[in-house]
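**Student:** Next comes the structure file upload_1.json, holding JSON, C-alpha atoms.
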```json
[["chain", "number", "residue", "atom", "x", "y", "z"],
["Z", 277, "MET", "CA", -94.72, -56.23, -52.60],
["Z", 278, "LYS", "CA", -93.62, -59.77, -51.74],
["Z", 279, "LYS", "CA", -90.30, -58.37, -50.48],
["Z", 280, "VAL", "CA", -92.07, -55.93, -48.16],
["Z", 281, "PHE", "CA", -94.19, -58.76, -46.82],
["Z", 282, "ILE", "CA", -91.17, -61.03, -46.17],
["Z", 283, "ILE", "CA", -89.22, -58.21, -44.48],
["Z", 284, "SER", "CA", -92.11, -57.24, -42.22],
["Z", 285, "LEU", "CA", -92.55, -60.96, -41.35],
["Z", 286, "LEU", "CA", -88.86, -61.18, -40.40],
["Z", 287, "VAL", "CA", -88.99, -57.98, -38.37],
["Z", 288, "SER", "CA", -92.06, -59.08, -36.42],
["Z", 289, "GLY", "CA", -90.48, -62.53, -35.88],
["Z", 290, "LEU", "CA", -87.34, -60.93, -34.48],
["Z", 291, "ALA", "CA", -89.40, -58.61, -32.30],
["Z", 292, "MET", "CA", -91.32, -61.57, -30.90],
["Z", 293, "LEU", "CA", -88.08, -63.44, -30.19],
["Z", 294, "SER", "CA", -86.56, -60.54, -28.33],
["Z", 295, "PHE", "CA", -89.77, -60.09, -26.34],
["Z", 296, "THR", "CA", -89.71, -63.79, -25.35],
["Z", 297, "ASN", "CA", -86.04, -63.46, -24.32],
["Z", 298, "TYR", "CA", -86.84, -60.40, -22.24],
["Z", 299, "LYS", "CA", -89.66, -62.21, -20.51],
["Z", 300, "ASN", "CA", -87.52, -65.27, -19.74],
["Z", 301, "LYS", "CA", -84.56, -63.28, -18.51],
["Z", 302, "PRO", "CA", -84.24, -63.74, -14.75],
["Z", 303, "ILE", "CA", -84.53, -60.56, -12.72],
["Z", 304, "GLU", "CA", -81.11, -59.80, -11.32],
["Z", 305, "GLN", "CA", -81.50, -59.72, -7.61],
["Z", 306, "SER", "CA", -78.97, -58.98, -4.93],
["Z", 307, "ASN", "CA", -78.86, -61.65, -2.22],
["Z", 308, "GLN", "CA", -79.18, -58.87, 0.34],
["Z", 309, "ALA", "CA", -81.97, -56.38, 0.82],
["Z", 310, "ALA", "CA", -81.53, -52.72, 1.66],
["Z", 311, "ILE", "CA", -81.79, -52.17, 5.40],
["Z", 312, "GLN", "CA", -84.60, -50.01, 6.71],
["Z", 313, "VAL", "CA", -83.88, -47.55, 9.49],
["Z", 314, "PRO", "CA", -86.64, -46.57, 11.93],
["Z", 315, "ALA", "CA", -87.35, -42.83, 11.86],
["Z", 316, "ASN", "CA", -86.15, -42.15, 15.43],
["Z", 317, "VAL", "CA", -82.88, -43.99, 14.76],
["Z", 318, "GLN", "CA", -82.38, -42.16, 11.47],
["Z", 319, "VAL", "CA", -82.71, -38.82, 13.28],
["Z", 320, "ALA", "CA", -80.08, -39.87, 15.84],
["Z", 321, "LEU", "CA", -77.73, -41.22, 13.16],
["Z", 322, "ASP", "CA", -78.07, -38.05, 11.09],
["Z", 323, "LYS", "CA", -77.37, -35.94, 14.15],
["Z", 324, "SER", "CA", -74.28, -37.74, 15.45],
["Z", 325, "CYS", "CA", -72.94, -40.37, 13.04],
["Z", 326, "THR", "CA", -73.49, -40.07, 9.31],
["Z", 327, "MET", "CA", -71.57, -36.84, 8.77],
["Z", 328, "CYS", "CA", -68.30, -38.76, 9.22],
["Z", 329, "HIS", "CA", -69.45, -42.28, 8.39],
["Z", 330, "ASN", "CA", -70.53, -41.92, 4.75],
["Z", 331, "ASP", "CA", -68.84, -42.64, 1.42],
["Z", 332, "ALA", "CA", -68.30, -38.96, 0.59],
["Z", 333, "SER", "CA", -66.89, -38.07, 4.01],
["Z", 334, "LYS", "CA", -63.58, -36.23, 4.19],
["Z", 335, "ASN", "CA", -62.87, -38.12, 7.38],
["Z", 336, "LEU", "CA", -60.85, -41.02, 5.96],
["Z", 337, "LYS", "CA", -60.76, -42.95, 9.23],
["Z", 338, "GLY", "CA", -64.48, -42.48, 9.75],
["Z", 339, "LYS", "CA", -65.51, -43.65, 6.31],
["Z", 340, "THR", "CA", -62.99, -46.52, 6.18],
["Z", 341, "LYS", "CA", -64.16, -47.94, 9.49],
["Z", 342, "LEU", "CA", -67.85, -47.51, 8.76],
["Z", 343, "SER", "CA", -69.89, -46.19, 5.88],
["Z", 344, "PHE", "CA", -73.63, -46.12, 6.46],
["Z", 345, "ASP", "CA", -74.03, -46.02, 2.66],
["Z", 346, "LYS", "CA", -72.37, -49.43, 2.41],
["Z", 347, "LEU", "CA", -73.99, -50.73, 5.57],
["Z", 348, "LEU", "CA", -77.55, -50.01, 4.52],
["Z", 349, "SER", "CA", -77.53, -50.63, 0.78],
["Z", 350, "ALA", "CA", -78.24, -54.03, -0.74],
["Z", 351, "ASP", "CA", -75.01, -54.06, -2.72],
["Z", 352, "GLY", "CA", -72.82, -52.57, 0.02],
["Z", 353, "TYR", "CA", -70.74, -54.55, 2.50],
["Z", 354, "PRO", "CA", -71.00, -58.35, 2.35],
["Z", 355, "SER", "CA", -73.29, -59.86, 5.02],
["Z", 356, "PRO", "CA", -70.55, -60.90, 7.49],
["Z", 357, "LYS", "CA", -69.12, -57.39, 7.45],
["Z", 358, "LYS", "CA", -72.58, -55.87, 7.92],
["Z", 359, "MET", "CA", -73.14, -58.12, 10.92],
["Z", 360, "ALA", "CA", -69.77, -57.16, 12.41],
["Z", 361, "LYS", "CA", -70.45, -53.46, 11.84],
["Z", 362, "PHE", "CA", -73.85, -53.61, 13.56],
["Z", 363, "LEU", "CA", -72.27, -55.33, 16.58],
["Z", 364, "GLU", "CA", -69.52, -52.71, 16.64],
["Z", 365, "ILE", "CA", -72.04, -49.85, 16.42],
["Z", 366, "ALA", "CA", -73.90, -51.26, 19.43],
["Z", 367, "ASP", "CA", -70.63, -51.64, 21.38],
["Z", 368, "GLU", "CA", -69.25, -48.21, 20.52],
["Z", 369, "VAL", "CA", -72.46, -46.41, 21.45],
["Z", 370, "LYS", "CA", -72.88, -48.48, 24.63],
["Z", 371, "ASN", "CA", -69.29, -47.72, 25.72],
["Z", 372, "ASN", "CA", -69.66, -44.03, 24.83],
["Z", 373, "SER", "CA", -66.71, -44.39, 22.45],
["Z", 374, "MET", "CA", -68.76, -42.85, 19.65],
["Z", 375, "PRO", "CA", -69.18, -40.02, 18.85],
["Z", 376, "PRO", "CA", -65.55, -39.37, 19.92],
["Z", 377, "LYS", "CA", -64.92, -37.14, 22.94],
["Z", 378, "GLY", "CA", -62.82, -34.64, 20.96],
["Z", 379, "PHE", "CA", -65.62, -34.23, 18.42],
["Z", 380, "LEU", "CA", -68.20, -33.68, 21.16],
["Z", 381, "GLU", "CA", -66.06, -31.04, 22.84],
["Z", 382, "LYS", "CA", -66.24, -28.99, 19.64],
["Z", 383, "ASN", "CA", -69.84, -30.01, 18.84],
["Z", 384, "PRO", "CA", -71.67, -30.52, 22.14],
["Z", 385, "ASP", "CA", -75.02, -30.41, 20.34],
["Z", 386, "LYS", "CA", -74.11, -33.68, 18.57],
["Z", 387, "ALA", "CA", -74.07, -35.71, 21.78],
["Z", 388, "LEU", "CA", -76.58, -38.55, 21.82],
["Z", 389, "THR", "CA", -79.27, -38.53, 24.48],
["Z", 390, "GLU", "CA", -79.83, -41.70, 26.52],
["Z", 391, "THR", "CA", -83.03, -42.35, 24.53],
["Z", 392, "GLU", "CA", -81.18, -41.99, 21.24],
["Z", 393, "LYS", "CA", -78.39, -44.28, 22.44],
["Z", 394, "SER", "CA", -80.90, -46.94, 23.48],
["Z", 395, "ALA", "CA", -82.68, -46.68, 20.13],
["Z", 396, "ILE", "CA", -79.44, -47.06, 18.13],
["Z", 397, "ILE", "CA", -78.22, -49.95, 20.29],
["Z", 398, "ALA", "CA", -81.52, -51.83, 20.05],
["Z", 399, "TRP", "CA", -81.71, -51.30, 16.29],
["Z", 400, "ALA", "CA", -78.08, -52.32, 15.67],
["Z", 401, "GLN", "CA", -78.42, -55.44, 17.82],
["Z", 402, "SER", "CA", -81.64, -56.40, 16.08],
["Z", 403, "GLU", "CA", -80.08, -55.97, 12.61],
["Z", 404, "ALA", "CA", -77.04, -58.01, 13.72],
["Z", 405, "LYS", "CA", -79.39, -60.78, 14.85],
["Z", 406, "LYS", "CA", -81.20, -60.75, 11.54],
["Z", 407, "LEU", "CA", -77.81, -61.27, 9.91],
["Z", 408, "GLY", "CA", -77.01, -64.24, 12.12],
["Z", 409, "ALA", "CA", -75.56, -62.89, 15.37],
["Z", 410, "LYS", "CA", -76.91, -64.44, 18.57],
["Y", 170, "MET", "CA", -23.14, -35.61, 46.50],
["Y", 171, "LYS", "CA", -23.18, -36.68, 42.84],
["Y", 172, "LYS", "CA", -21.83, -40.07, 43.83],
["Y", 173, "LYS", "CA", -24.55, -40.51, 46.44],
["Y", 174, "ILE", "CA", -27.27, -39.71, 43.92],
["Y", 175, "LEU", "CA", -25.83, -42.11, 41.37],
["Y", 176, "LEU", "CA", -25.55, -44.84, 43.98],
["Y", 177, "SER", "CA", -29.14, -44.29, 45.12],
["Y", 178, "VAL", "CA", -30.40, -44.47, 41.52],
["Y", 179, "ALA", "CA", -28.41, -47.66, 40.95],
["Y", 180, "ILE", "CA", -29.82, -49.27, 44.10],
["Y", 181, "LEU", "CA", -33.31, -48.19, 43.17],
["Y", 182, "LEU", "CA", -32.91, -49.65, 39.68],
["Y", 183, "VAL", "CA", -31.80, -52.97, 41.15],
["Y", 184, "LEU", "CA", -34.64, -53.04, 43.67],
["Y", 185, "ILE", "CA", -37.40, -52.28, 41.17],
["Y", 186, "GLN", "CA", -36.37, -55.34, 39.17],
["Y", 187, "PHE", "CA", -38.01, -57.48, 41.88],
["Y", 188, "LEU", "CA", -41.35, -55.70, 41.88],
["Y", 189, "PRO", "CA", -44.00, -58.04, 40.51],
["Y", 190, "ILE", "CA", -45.78, -55.48, 38.34],
["Y", 191, "PHE", "CA", -47.61, -56.38, 35.10],
["Y", 192, "LYS", "CA", -46.33, -59.94, 35.01],
["Y", 193, "VAL", "CA", -46.74, -61.70, 31.67],
["Y", 194, "GLU", "CA", -46.31, -65.42, 31.16],
["Y", 195, "ASN", "CA", -46.03, -67.34, 27.94],
["Y", 196, "GLN", "CA", -47.66, -70.69, 27.29],
["Y", 197, "SER", "CA", -45.92, -73.27, 25.15],
["Y", 198, "LYS", "CA", -49.10, -75.22, 24.38],
["Y", 199, "ASN", "CA", -51.98, -73.28, 22.86],
["Y", 200, "PRO", "CA", -54.54, -75.76, 21.55],
["Y", 201, "GLY", "CA", -56.92, -73.02, 20.43],
["Y", 202, "ASP", "CA", -54.37, -71.04, 18.44],
["Y", 203, "LEU", "CA", -55.47, -69.42, 15.17],
["Y", 204, "ILE", "CA", -52.44, -70.40, 13.10],
["Y", 205, "GLN", "CA", -52.05, -73.90, 14.53],
["Y", 206, "ASN", "CA", -55.69, -74.90, 14.06],
["Y", 207, "ASN", "CA", -56.78, -73.18, 10.87],
["Y", 208, "THR", "CA", -55.64, -73.04, 7.27],
["Y", 209, "VAL", "CA", -54.04, -69.62, 7.18],
["Y", 210, "PRO", "CA", -52.11, -68.59, 4.02],
["Y", 211, "ALA", "CA", -48.35, -68.28, 4.47],
["Y", 212, "ASP", "CA", -48.24, -64.52, 3.86],
["Y", 213, "ILE", "CA", -50.90, -63.96, 6.53],
["Y", 214, "VAL", "CA", -49.07, -66.24, 8.99],
["Y", 215, "GLN", "CA", -46.00, -64.08, 8.42],
["Y", 216, "ILE", "CA", -47.98, -60.88, 9.13],
["Y", 217, "LEU", "CA", -49.62, -62.32, 12.24],
["Y", 218, "LYS", "CA", -46.34, -63.67, 13.64],
["Y", 219, "THR", "CA", -44.27, -60.57, 12.88],
["Y", 220, "SER", "CA", -46.76, -57.79, 13.55],
["Y", 221, "CYS", "CA", -49.44, -59.14, 15.91],
["Y", 222, "TYR", "CA", -48.47, -62.17, 17.97],
["Y", 223, "ASP", "CA", -46.08, -60.42, 20.39],
["Y", 224, "CYS", "CA", -49.01, -58.61, 22.01],
["Y", 225, "HIS", "CA", -51.97, -60.68, 20.84],
["Y", 226, "SER", "CA", -50.95, -64.25, 21.70],
["Y", 227, "ASN", "CA", -49.52, -66.33, 24.54],
["Y", 228, "ASP", "CA", -46.28, -66.57, 22.55],
["Y", 229, "THR", "CA", -44.68, -63.18, 23.20],
["Y", 230, "LYS", "CA", -41.08, -62.80, 22.01],
["Y", 231, "THR", "CA", -39.64, -60.39, 24.54],
["Y", 232, "PRO", "CA", -36.56, -58.38, 23.48],
["Y", 233, "TRP", "CA", -33.67, -58.06, 25.96],
["Y", 234, "TYR", "CA", -34.76, -54.61, 27.15],
["Y", 235, "GLY", "CA", -38.18, -56.04, 27.87],
["Y", 236, "TYR", "CA", -36.70, -57.85, 30.87],
["Y", 237, "ILE", "CA", -35.43, -54.68, 32.54],
["Y", 238, "ALA", "CA", -37.71, -52.50, 34.69],
["Y", 239, "PRO", "CA", -39.12, -49.92, 34.15],
["Y", 240, "VAL", "CA", -39.23, -50.74, 30.39],
["Y", 241, "LYS", "CA", -40.41, -54.24, 31.34],
["Y", 242, "TRP", "CA", -43.54, -52.75, 32.95],
["Y", 243, "LEU", "CA", -44.44, -50.79, 29.83],
["Y", 244, "VAL", "CA", -43.90, -53.79, 27.55],
["Y", 245, "ASN", "CA", -45.84, -56.13, 29.83],
["Y", 246, "TYR", "CA", -48.64, -53.61, 30.28],
["Y", 247, "ASP", "CA", -49.10, -53.43, 26.50],
["Y", 248, "VAL", "CA", -48.97, -57.23, 26.19],
["Y", 249, "GLN", "CA", -51.55, -57.67, 28.97],
["Y", 250, "LYS", "CA", -53.81, -55.12, 27.36],
["Y", 251, "GLY", "CA", -53.29, -56.63, 23.91],
["Y", 252, "ARG", "CA", -54.05, -60.19, 25.06],
["Y", 253, "LYS", "CA", -57.15, -59.01, 26.88],
["Y", 254, "HIS", "CA", -58.48, -57.35, 23.76],
["Y", 255, "VAL", "CA", -57.58, -60.07, 21.23],
["Y", 256, "ASN", "CA", -55.65, -63.25, 21.95],
["Y", 257, "PHE", "CA", -55.05, -65.34, 18.84],
["Y", 258, "SER", "CA", -53.85, -68.22, 21.06],
["Y", 259, "ASN", "CA", -57.44, -68.57, 22.31],
["Y", 260, "TRP", "CA", -58.97, -68.13, 18.86],
["Y", 261, "ASN", "CA", -60.94, -71.35, 18.83],
["Y", 262, "THR", "CA", -62.72, -70.47, 22.07],
["Y", 263, "LEU", "CA", -64.56, -67.68, 20.21],
["Y", 264, "SER", "CA", -67.84, -68.19, 18.38],
["Y", 265, "SER", "CA", -67.93, -67.62, 14.61],
["Y", 266, "VAL", "CA", -69.76, -64.33, 15.16],
["Y", 267, "GLU", "CA", -67.12, -63.12, 17.65],
["Y", 268, "LYS", "CA", -64.37, -64.16, 15.24],
["Y", 269, "ILE", "CA", -65.97, -62.20, 12.38],
["Y", 270, "LYS", "CA", -66.24, -59.11, 14.60],
["Y", 271, "VAL", "CA", -62.63, -59.37, 15.79],
["Y", 272, "LEU", "CA", -61.38, -59.91, 12.23],
["Y", 273, "ASP", "CA", -63.28, -56.85, 11.01],
["Y", 274, "GLU", "CA", -61.78, -54.70, 13.76],
["Y", 275, "CYS", "CA", -58.29, -56.07, 13.01],
["Y", 276, "ALA", "CA", -58.58, -55.26, 9.30],
["Y", 277, "ASP", "CA", -59.83, -51.73, 10.03],
["Y", 278, "GLU", "CA", -57.06, -51.02, 12.53],
["Y", 279, "ILE", "CA", -54.39, -52.34, 10.18],
["Y", 280, "LEU", "CA", -55.75, -50.34, 7.21],
["Y", 281, "MET", "CA", -55.81, -47.20, 9.37],
["Y", 282, "ASP", "CA", -52.25, -47.78, 10.67],
["Y", 283, "GLU", "CA", -53.53, -47.98, 14.23],
["Y", 284, "MET", "CA", -52.03, -51.44, 14.48],
["Y", 285, "PRO", "CA", -49.29, -52.46, 14.98],
["Y", 286, "MET", "CA", -48.81, -49.64, 17.48],
["Y", 287, "LYS", "CA", -46.23, -46.99, 16.60],
["Y", 288, "ILE", "CA", -44.33, -47.56, 19.85],
["Y", 289, "TYR", "CA", -43.95, -51.22, 18.82],
["Y", 290, "THR", "CA", -42.91, -50.60, 15.21],
["Y", 291, "SER", "CA", -40.36, -48.01, 16.37],
["Y", 292, "MET", "CA", -38.51, -50.88, 18.04],
["Y", 293, "HIS", "CA", -39.56, -53.61, 15.56],
["Y", 294, "GLN", "CA", -39.08, -52.22, 12.05],
["Y", 295, "ASP", "CA", -39.91, -55.61, 10.51],
["Y", 296, "ALA", "CA", -43.42, -55.36, 12.00],
["Y", 297, "LEU", "CA", -44.27, -52.38, 9.79],
["Y", 298, "LEU", "CA", -46.78, -53.41, 7.13],
["Y", 299, "ASN", "CA", -46.63, -52.11, 3.58],
["Y", 300, "GLU", "CA", -49.71, -51.34, 1.48],
["Y", 301, "SER", "CA", -49.77, -54.71, -0.29],
["Y", 302, "GLN", "CA", -49.53, -56.56, 3.04],
["Y", 303, "LYS", "CA", -52.39, -54.48, 4.45],
["Y", 304, "GLU", "CA", -54.52, -55.22, 1.38],
["Y", 305, "ALA", "CA", -53.64, -58.94, 1.54],
["Y", 306, "PHE", "CA", -54.69, -58.99, 5.20],
["Y", 307, "ALA", "CA", -57.99, -57.22, 4.43],
["Y", 308, "SER", "CA", -58.74, -59.67, 1.57],
["Y", 309, "TRP", "CA", -57.98, -62.64, 3.79],
["Y", 310, "VAL", "CA", -60.27, -61.22, 6.49],
["Y", 311, "GLU", "CA", -63.09, -60.86, 3.96],
["Y", 312, "GLN", "CA", -62.62, -64.40, 2.65],
["Y", 313, "TYR", "CA", -62.22, -66.02, 6.08],
["Y", 314, "SER", "CA", -65.22, -64.09, 7.44],
["Y", 315, "GLU", "CA", -67.32, -65.38, 4.55],
["Y", 316, "GLU", "CA", -66.24, -68.97, 5.39],
["Y", 317, "LEU", "CA", -67.07, -68.47, 9.07],
["Y", 318, "TYR", "CA", -70.40, -66.88, 8.19],
["Y", 319, "ASN", "CA", -71.46, -69.79, 6.01],
["Y", 320, "GLN", "CA", -70.50, -72.47, 8.54]]
```
Do you think you could lay out the structure here as structure tokens?
**Tutor:**
Amino acid sequence: MKKVFIISLLVSGLAMLSFTNYKNKPIEQSNQAAIQVPANVQVALDKSCTMCHNDASKNLKGKTKLSFDKLLSADGYPSPKKMAKFLEIADEVKNNSMPPKGFLEKNPDKALTETEKSAIIAWAQSEAKKLGAK
Amino acid sequence: MKKKILLSVAILLVLIQFLPIFKVENQSKNPGDLIQNNTVPADIVQILKTSCYDCHSNDTKTPWYGYIAPVKWLVNYDVQKGRKHVNFSNWNTLSSVEKIKVLDECADEILMDEMPMKIYTSMHQDALLNESQKEAFASWVEQYSEELYNQ
């Protein structure tokens, strides 16, 4: 009977210890937060960009140069790279370099409208600013 | 007839040498140069000097055929275009943000074999970068960008 009492005392002691440890354990946080995309921008990106620029893309060049998965997730690209990518997105869309001409010839429905371009540019520039660009 | 044609071509070739098209000038002093003013690891200096600086700096090493028109025009056109896009001799005139953006583009283009240009590596075999050099360059870009970002 004594044994049972001692064992249950030990078990509850251990349980309390582990609970204290759990409570004191710092919450692991990434130093970056996931980036939110406004709905109108998301529609434009899904239409003309993300099919090549995602981690699972078969377009090696597209996914190496830019992956929206890595750009938007908290544990994706490091901050300097994210900033650079946002500035590049704004430039490429502004200069009509993206989506590429060859791609648009085959997929004319994927062309961005002027409103969509403006929305992407404004969003990309604003995210770049948040990351430190002037 | 054949002689006349040959003579005309020869005269034309001589005359075009004097056409001032796509002139490129080097500068001996470049106070804002990337390599001269920053701590760049030796392997990266080697890559920059061998594979980038001929078109992307004020220190272009022109091969002998680069002095003869019409090849001279093509070489100088590429150098002009290259310097306009990125000129490592003027590196310190860029802001940290601009430097980070340029570095990111450089790493991407090198990883994708877009740079150095094929026309350049066909004449400069030593400028071709192997996989470990490309990876070393990309790692340096990441590290240097982080330093610039935290300045």
**Student:** Report the distance between atom CA of Y:Pro200 and atom CA of Y:Leu272 in Å, rounded to one decimal place.
**Tutor:**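 Result for atom CA of Y:Pro200 versus atom CA of Y:Leu272: 19.6 Å, one decimal.
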**Student:** Would you mind listing, as JSON, numbers by chain, all residues of chain Y that have at least one atom within 10 Å of chain Z, where only C-alpha atoms are what counts?
**Tutor:** {"Y": [264, 265, 266, 267, 268, 269, 270, 271, 272, 273, 274, 276, 277, 278, 280, 281, 282, 310, 311, 312, 313, 314, 315, 316, 317, 318, 319]}
**Student:** I'd like the interatomic distance between atom CA of Y:Asn199 and atom CA of Y:Gln294, to a tenth of an Å.
**Tutor:** 27.0 Å
**Student:** Give me the stretch 233-256 of chain Y side of the contact with stretch 171-186 of chain Y, cut-off 9 Å, one line per residue showing its nearest atom pair and distance in Å at one decimal, counting only C-alpha atoms, sorted by chain and residue number, as CSV.
**Tutor:**
```
residue,atom,partner,partner_atom,distance
Y:Tyr236,CA,Y:Gln186,CA,8.7
Y:Ile237,CA,Y:Gln186,CA,6.7
Y:Ala238,CA,Y:Gln186,CA,5.5
Y:Pro239,CA,Y:Ile185,CA,7.6
Y:Lys241,CA,Y:Gln186,CA,8.9
```
**Student:** Please list as a tab-separated table (two decimals) with C-alpha atoms, in the frame of the given file every residue within 7 Å of stretch 375-379 of chain Z, counting all atoms listed in the file and excluding residues in the same chain fewer than 2 positions away.
**Tutor:**
```
chain	number	residue	atom	x	y	z
Z	324	SER	CA	-74.28	-37.74	15.45
Z	325	CYS	CA	-72.94	-40.37	13.04
Z	373	SER	CA	-66.71	-44.39	22.45
Z	381	GLU	CA	-66.06	-31.04	22.84
Z	382	LYS	CA	-66.24	-28.99	19.64
Z	383	ASN	CA	-69.84	-30.01	18.84
```
**Student:** What is the distance between atom CA of Z:Leu348 and atom CA of Z:Gln312, in Å to one decimal?
**Tutor:**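 Distance reported for this atom pair: 7.4 Å.
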**Student:** Restricting the calculation to only C-alpha atoms, which member of Y:Asp247, Y:Glu194, Y:Asp212, Y:Asp228 is positioned closest to Y:Ser308?
**Tutor:**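 Among Y:Asp247, Y:Glu194, Y:Asp212, Y:Asp228, it is Y:Asp212 that comes nearest to Y:Ser308.
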**Student:** Might you pull out every residue within 6 Å of stretch 388-403 of chain Z, with all atoms listed in the file counted and same-chain residues fewer than 4 positions away left off, and present them as number ranges by chain?
**Tutor:** Z: 317, 320, 362, 366
**Student:** Where atoms are missing, can you supply all heavy atoms for stretch 347-354 of chain Z and output the lot as an mmCIF file, in the frame of the given file?
**Tutor:**
```cif
data_model
loop_
_atom_site.group_PDB
_atom_site.id
_atom_site.type_symbol
_atom_site.label_atom_id
_atom_site.label_comp_id
_atom_site.auth_asym_id
_atom_site.auth_seq_id
_atom_site.Cartn_x
_atom_site.Cartn_y
_atom_site.Cartn_z
ATOM 1 N N LEU Z 347 -73.334 -49.884 4.568
ATOM 2 C CA LEU Z 347 -73.990 -50.730 5.570
ATOM 3 C C LEU Z 347 -75.457 -50.959 5.223
ATOM 4 O O LEU Z 347 -75.985 -52.055 5.397
ATOM 5 C CB LEU Z 347 -73.887 -50.075 6.953
ATOM 6 C CG LEU Z 347 -74.511 -50.846 8.110
ATOM 7 C CD1 LEU Z 347 -73.712 -52.112 8.410
ATOM 8 C CD2 LEU Z 347 -74.594 -49.994 9.363
ATOM 9 N N LEU Z 348 -76.100 -49.925 4.713
ATOM 10 C CA LEU Z 348 -77.550 -50.010 4.520
ATOM 11 C C LEU Z 348 -77.983 -50.433 3.120
ATOM 12 O O LEU Z 348 -79.114 -50.885 2.937
ATOM 13 C CB LEU Z 348 -78.194 -48.651 4.865
ATOM 14 C CG LEU Z 348 -77.904 -48.136 6.287
ATOM 15 C CD1 LEU Z 348 -78.484 -46.756 6.478
ATOM 16 C CD2 LEU Z 348 -78.460 -49.083 7.340
ATOM 17 N N SER Z 349 -77.086 -50.300 2.151
ATOM 18 C CA SER Z 349 -77.530 -50.630 0.780
ATOM 19 C C SER Z 349 -77.379 -52.117 0.506
ATOM 20 O O SER Z 349 -76.537 -52.803 1.094
ATOM 21 C CB SER Z 349 -76.736 -49.822 -0.237
ATOM 22 O OG SER Z 349 -75.439 -50.335 -0.338
ATOM 23 N N ALA Z 350 -78.219 -52.598 -0.414
ATOM 24 C CA ALA Z 350 -78.240 -54.030 -0.740
ATOM 25 C C ALA Z 350 -76.907 -54.489 -1.313
ATOM 26 O O ALA Z 350 -76.454 -55.596 -1.039
ATOM 27 C CB ALA Z 350 -79.362 -54.302 -1.721
ATOM 28 N N ASP Z 351 -76.270 -53.634 -2.092
ATOM 29 C CA ASP Z 351 -75.010 -54.060 -2.720
ATOM 30 C C ASP Z 351 -73.786 -53.435 -2.009
ATOM 31 O O ASP Z 351 -72.743 -53.237 -2.609
ATOM 32 C CB ASP Z 351 -75.017 -53.702 -4.207
ATOM 33 C CG ASP Z 351 -75.320 -52.227 -4.449
ATOM 34 O OD1 ASP Z 351 -75.610 -51.525 -3.461
ATOM 35 O OD2 ASP Z 351 -75.266 -51.787 -5.609
ATOM 36 N N GLY Z 352 -73.933 -53.145 -0.738
ATOM 37 C CA GLY Z 352 -72.820 -52.570 0.020
ATOM 38 C C GLY Z 352 -71.895 -53.633 0.583
ATOM 39 O O GLY Z 352 -71.436 -54.511 -0.143
ATOM 40 N N TYR Z 353 -71.621 -53.558 1.874
ATOM 41 C CA TYR Z 353 -70.740 -54.550 2.500
ATOM 42 C C TYR Z 353 -71.332 -55.951 2.336
ATOM 43 O O TYR Z 353 -72.564 -56.114 2.327
ATOM 44 C CB TYR Z 353 -70.656 -54.305 4.012
ATOM 45 C CG TYR Z 353 -70.005 -53.020 4.461
ATOM 46 C CD1 TYR Z 353 -70.569 -52.278 5.506
ATOM 47 C CD2 TYR Z 353 -68.816 -52.571 3.911
ATOM 48 C CE1 TYR Z 353 -69.983 -51.105 5.961
ATOM 49 C CE2 TYR Z 353 -68.226 -51.399 4.364
ATOM 50 C CZ TYR Z 353 -68.813 -50.675 5.388
ATOM 51 O OH TYR Z 353 -68.223 -49.534 5.834
ATOM 52 N N PRO Z 354 -70.465 -56.984 2.306
ATOM 53 C CA PRO Z 354 -71.000 -58.350 2.350
ATOM 54 C C PRO Z 354 -71.643 -58.616 3.724
ATOM 55 O O PRO Z 354 -71.321 -57.925 4.698
ATOM 56 C CB PRO Z 354 -69.758 -59.233 2.142
ATOM 57 C CG PRO Z 354 -68.574 -58.357 2.316
ATOM 58 C CD PRO Z 354 -69.009 -56.937 2.173
#
```
